[in-house]
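J.: I have a structure I would like to understand better, so I am pasting it below and will then ask my questions one at a time.
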Amino acid sequence: MIFHPTILALLISSALISLMISYSAYFGIQILRHWNLQDGSEVQLILERRTYLLSTLLAYLFAFELVSLFFFIYTVDRLHSLFVGAMCAAGSLNVNPYGYPALVLKIINSLLVGLWLIFNDTDNRAYDYPLIRKKYLLLLVLTPLLLGETLLQANYFFNLKPDIMTSCCGSLFNPDTGGISSEMAGLPALPAKIVFFSLTILTIFSGVFFYRRDRGGYLFAGLGGLTFPVSILSIISFISLYFYELPTHHCPFCLLQREYFYIGYPLYVALLGGTVTAMGVGLLMPFRSHPSLKDFLPPFQKRLALISSILYVIFAVMVTLRMVFSDFILEGY
């Protein structure tokens, strides 16, 4: 099973990212210790040349890291037919103890990698690299997380055994079975709807407000960061029911299958992209007054806010249209 092409691709790419980020972390320590644009020494010249090359390579690798999140989910979803009891990625991930931790860490890393890419692009736009120390400090934070992801993912794939019986999504996300997944599925529908739609609308309006008035960046970033977990909980607790038109099917993974026109991919891409760009606005707020960034940064943040708001609107419209035009009626609400 380990020689499955998609599994090999994920393992090789993770290994390459781990090697590259390990070297970049070592180089980042040199940046933190020795970087000084006023210094014309050979050491400074070497640092300047290497940081441009490393930033470019990391940008491509981190872009693939974002894609690999969905590639990983797609792969484990396709593997479900090999395990007794599995009907989608939910069962495949439950085959051994490494599946769900690997997925959660990949989601966290995708958010942080997206923020690093925004930070890196901003730093490269200025002639004096004003964010370079902070950029490599963030990279040092990312390094153990990405290495941990590589280890968890490798352990998950190397410990896949097709003779193991696993649980289907119907039992994992059943409100009556107990556990974290069942607690999420058992959230009361009406309060969940109120919180989800209120927060989503507030986030979109705060993004539009920042785009037009150039104020409230921290508020928008905070709301965007909160919208992500609330939306995931909402998908599990009530949104998925309208797509499946079943009162007991709470699985967030079956949305990625052909039977439901792969609707989960645009849903999750819009949600992840909206969250990263919203949080990116807040991440850049402290540097708006820097001399080399003051002309570039405000309009760049406005573009991020506009992109984020559009992605959140797409996400909300897809959910709302399905709820309105579905034949399914959630009993009592």
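Ligands are numbered from 1 in the order shown, chains are lettered A, B, ... in the order of the structure tokens, and residues start at 1 in each chain.
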For range 141-155 of chain A, list every protein, DNA or RNA residue within 6 Å, evaluated using only C-alpha atoms, and leave out those in the same chain fewer than 5 positions away; present the list as a ChimeraX atom specification.

T.: /A:14,18,98,102

J.: Output C-alpha atoms for every residue in the selection just made, as a PDB file, in the first residue's frame.

T.:
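Wrote out-v6.pdb, looks like this:
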```
ATOM      1  CA  SER A  14       6.785  16.143   2.916  1.00  0.00           C
ATOM      2  CA  SER A  18      11.143  19.017   5.955  1.00  0.00           C
ATOM      3  CA  TYR A  98      -1.982   8.907  13.500  1.00  0.00           C
ATOM      4  CA  ALA A 102      -1.955  14.322  10.995  1.00  0.00           C
TER       5      ALA A 102
END
```

J.: Can you tell me, as a PyMOL selection string, what residues are no more than 6 Å from range 107-115 of chain A when counting only C-alpha atoms, ignoring any on the same chain fewer than 3 positions away?

T.: chain A and resi 66+104+118+276+280

J.: One decimal, Å: what's the distance from CA of Cys168 in chain A over to CA of Ser182 in chain A, could you say?

T.: 12.7 Å

J.: Range 220-234 of chain A: which residues within 6 Å, counting only C-alpha atoms, same-chain residues fewer than 6 positions away excluded, as a PDB file with N, CA and C atoms, in the first residue's frame?

T.:
```pdb
ATOM      1  N   THR A 203     -18.378  39.063   9.870  1.00  0.00           N
ATOM      2  CA  THR A 203     -17.037  38.997   9.290  1.00  0.00           C
ATOM      3  C   THR A 203     -17.014  39.644   7.915  1.00  0.00           C
ATOM      4  N   SER A 206     -17.347  43.407   8.258  1.00  0.00           N
ATOM      5  CA  SER A 206     -16.128  44.024   8.787  1.00  0.00           C
ATOM      6  C   SER A 206     -15.050  44.075   7.713  1.00  0.00           C
ATOM      7  N   GLY A 207     -15.000  43.052   6.831  1.00  0.00           N
ATOM      8  CA  GLY A 207     -14.054  43.076   5.718  1.00  0.00           C
ATOM      9  C   GLY A 207     -14.366  44.182   4.724  1.00  0.00           C
ATOM     10  N   THR A 275     -10.082  32.647   5.466  1.00  0.00           N
ATOM     11  CA  THR A 275      -9.489  32.763   6.797  1.00  0.00           C
ATOM     12  C   THR A 275      -8.053  33.255   6.725  1.00  0.00           C
ATOM     13  N   ALA A 278      -7.961  36.960   5.683  1.00  0.00           N
ATOM     14  CA  ALA A 278      -8.470  37.815   6.762  1.00  0.00           C
ATOM     15  C   ALA A 278      -7.440  37.968   7.873  1.00  0.00           C
ATOM     16  N   MET A 279      -6.846  36.855   8.293  1.00  0.00           N
ATOM     17  CA  MET A 279      -5.835  36.922   9.346  1.00  0.00           C
ATOM     18  C   MET A 279      -4.576  37.640   8.864  1.00  0.00           C
ATOM     19  N   GLY A 282      -4.671  41.372   9.681  1.00  0.00           N
ATOM     20  CA  GLY A 282      -4.271  41.699  11.044  1.00  0.00           C
ATOM     21  C   GLY A 282      -2.785  41.510  11.272  1.00  0.00           C
TER      22      GLY A 282
END
```

J.: Can you tell me, as a list in words, what residues are no more than 10 Å from Asp327 in chain A when counting only C-alpha atoms, ignoring any on the same chain fewer than 6 positions away?

T.: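 In the requested format, the answer is Tyr242, Phe243 and Glu245 of chain A.
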
J.: For C-alpha atoms, I'd like the residues from the last selection saved as a CSV table (one decimal), in the first residue's frame.

T.:
```csv
chain,number,residue,atom,x,y,z
A,242,TYR,CA,-28.9,19.7,4.0
A,243,PHE,CA,-26.4,18.3,1.4
A,245,GLU,CA,-30.7,15.3,3.1
```

J.: Tell me, as a list in words, which residues lie within 9 Å of Gly186 in chain A, counting only C-alpha atoms; anything in the same chain fewer than 4 positions away does not count.

T.: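 Contacts, with the query itself left out: Phe173, Asn174, Pro175, Asp176, Ser181, Ser182, Ile236 and Ser237 of chain A.
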
J.: For a quick check of understanding, using only C-alpha atoms, which of A:Arg215, A:Lys135, A:Arg303, A:His250 has the smallest distance to Trp116 in chain A?

T.: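 Distance minimum relative to Trp116 in chain A lands on A:Lys135.
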
J.: Applying 12 Å and only C-alpha atoms, which residues near Glu48 in chain A remain after dropping the ones on its own chain fewer than 3 positions away? List them as a PyMOL selection string.

T.: chain A and resi 27-28+30-31+34-45+51-55+124+127-129+132

J.: Go ahead and save the picked residues with N, CA and C atoms, as an mmCIF file, in the first residue's frame.

T.:
```
data_model
loop_
_atom_site.group_PDB
_atom_site.id
_atom_site.type_symbol
_atom_site.label_atom_id
_atom_site.label_comp_id
_atom_site.auth_asym_id
_atom_site.auth_seq_id
_atom_site.Cartn_x
_atom_site.Cartn_y
_atom_site.Cartn_z
ATOM 1 N N PHE A 27 19.449 28.661 8.647
ATOM 2 C CA PHE A 27 19.798 29.935 8.019
ATOM 3 C C PHE A 27 19.075 31.089 8.718
ATOM 4 N N GLY A 28 17.830 30.849 9.154
ATOM 5 C CA GLY A 28 17.081 31.889 9.851
ATOM 6 C C GLY A 28 17.758 32.316 11.134
ATOM 7 N N GLN A 30 20.939 32.438 11.549
ATOM 8 C CA GLN A 30 22.023 33.329 11.114
ATOM 9 C C GLN A 30 21.484 34.720 10.783
ATOM 10 N N ILE A 31 20.295 34.755 10.193
ATOM 11 C CA ILE A 31 19.659 36.042 9.892
ATOM 12 C C ILE A 31 19.376 36.805 11.182
ATOM 13 N N HIS A 34 22.904 37.970 12.573
ATOM 14 C CA HIS A 34 23.900 38.756 11.840
ATOM 15 C C HIS A 34 23.330 39.752 10.823
ATOM 16 N N TRP A 35 22.035 39.742 10.566
ATOM 17 C CA TRP A 35 21.506 40.585 9.495
ATOM 18 C C TRP A 35 21.659 42.061 9.827
ATOM 19 N N ASN A 36 22.256 42.798 8.903
ATOM 20 C CA ASN A 36 22.445 44.250 9.054
ATOM 21 C C ASN A 36 22.690 44.844 7.678
ATOM 22 N N LEU A 37 21.683 45.510 7.122
ATOM 23 C CA LEU A 37 21.811 46.068 5.773
ATOM 24 C C LEU A 37 22.865 47.163 5.682
ATOM 25 N N GLN A 38 23.197 47.765 6.806
ATOM 26 C CA GLN A 38 24.210 48.819 6.803
ATOM 27 C C GLN A 38 25.623 48.256 6.740
ATOM 28 N N ASP A 39 25.727 46.965 6.898
ATOM 29 C CA ASP A 39 27.037 46.312 6.921
ATOM 30 C C ASP A 39 27.368 45.792 5.520
ATOM 31 N N GLY A 40 28.509 46.164 4.997
ATOM 32 C CA GLY A 40 28.918 45.723 3.669
ATOM 33 C C GLY A 40 29.870 44.551 3.690
ATOM 34 N N SER A 41 29.882 43.800 4.764
ATOM 35 C CA SER A 41 30.810 42.688 4.903
ATOM 36 C C SER A 41 30.406 41.514 3.998
ATOM 37 N N GLU A 42 31.327 40.578 3.858
ATOM 38 C CA GLU A 42 31.067 39.396 3.034
ATOM 39 C C GLU A 42 29.941 38.557 3.618
ATOM 40 N N VAL A 43 29.882 38.497 4.945
ATOM 41 C CA VAL A 43 28.817 37.731 5.594
ATOM 42 C C VAL A 43 27.447 38.290 5.229
ATOM 43 N N GLN A 44 27.310 39.612 5.267
ATOM 44 C CA GLN A 44 26.041 40.233 4.930
ATOM 45 C C GLN A 44 25.667 39.996 3.470
ATOM 46 N N LEU A 45 26.626 40.073 2.578
ATOM 47 C CA LEU A 45 26.359 39.833 1.156
ATOM 48 C C LEU A 45 25.891 38.399 0.925
ATOM 49 N N THR A 51 19.057 34.609 1.186
ATOM 50 C CA THR A 51 17.680 34.833 1.622
ATOM 51 C C THR A 51 16.753 35.014 0.433
ATOM 52 N N TYR A 52 17.241 35.621 -0.648
ATOM 53 C CA TYR A 52 16.397 35.766 -1.840
ATOM 54 C C TYR A 52 16.102 34.405 -2.453
ATOM 55 N N LEU A 53 17.128 33.558 -2.546
ATOM 56 C CA LEU A 53 16.948 32.217 -3.109
ATOM 57 C C LEU A 53 16.045 31.368 -2.226
ATOM 58 N N LEU A 54 16.295 31.396 -0.912
ATOM 59 C CA LEU A 54 15.497 30.579 0.002
ATOM 60 C C LEU A 54 14.038 31.029 0.038
ATOM 61 N N SER A 55 13.823 32.327 0.021
ATOM 62 C CA SER A 55 12.448 32.831 0.047
ATOM 63 C C SER A 55 11.671 32.358 -1.178
ATOM 64 N N ASN A 124 9.298 41.089 0.580
ATOM 65 C CA ASN A 124 10.031 41.178 -0.681
ATOM 66 C C ASN A 124 9.673 42.412 -1.493
ATOM 67 N N TYR A 127 12.437 47.581 -0.330
ATOM 68 C CA TYR A 127 13.853 47.551 -0.710
ATOM 69 C C TYR A 127 14.769 47.186 0.453
ATOM 70 N N ASP A 128 14.305 47.352 1.686
ATOM 71 C CA ASP A 128 15.188 47.127 2.830
ATOM 72 C C ASP A 128 14.810 45.893 3.658
ATOM 73 N N TYR A 129 13.933 45.030 3.112
ATOM 74 C CA TYR A 129 13.522 43.800 3.810
ATOM 75 C C TYR A 129 13.185 44.076 5.284
ATOM 76 N N ILE A 132 12.266 40.925 7.620
ATOM 77 C CA ILE A 132 13.026 39.685 7.424
ATOM 78 C C ILE A 132 13.256 38.931 8.725
#
```

J.: Name all residues at most 9 Å from Leu140 in chain A (count only C-alpha atoms; drop same-chain ones fewer than 6 positions away) and give them as a list in words.

T.: Ile21, Ser22, Ser24, Ala25, Tyr26, Gly28 and Ile29 of chain A

J.: Looking at only C-alpha atoms, which of A:Leu82, A:Leu16, A:Leu69, A:Ala89 is the one that sits closest to Leu256 in chain A?

T.: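 Of all the options, A:Ala89 lies closest to Leu256 in chain A.
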
J.: Hey, can you check how far CA of Thr200 in chain A sits from CA of Ser309 in chain A?

T.: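 Interatomic distance, CA of Thr200 in chain A to CA of Ser309 in chain A: 9.7 Å.
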
J.: I'd like to know which of A:Val317, A:Ser292, A:Ala63, A:Ile329 is closest to Thr122 in chain A, using only C-alpha atoms.

T.: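 Comparing A:Val317, A:Ser292, A:Ala63, A:Ile329 against Thr122 in chain A, the winner is A:Ser292.
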
J.: Which distance in Å separates CA of Met20 in chain A and CA of Arg125 in chain A, to one decimal?

T.: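 CA of Met20 in chain A sits 23.2 Å away from CA of Arg125 in chain A.
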
J.: Run DSSP on the backbone of this structure and report the residues of range 12-52 of chain A it assigns to alpha helix (DSSP H), as a ChimeraX atom specification.

T.: /A:12-34,42-52
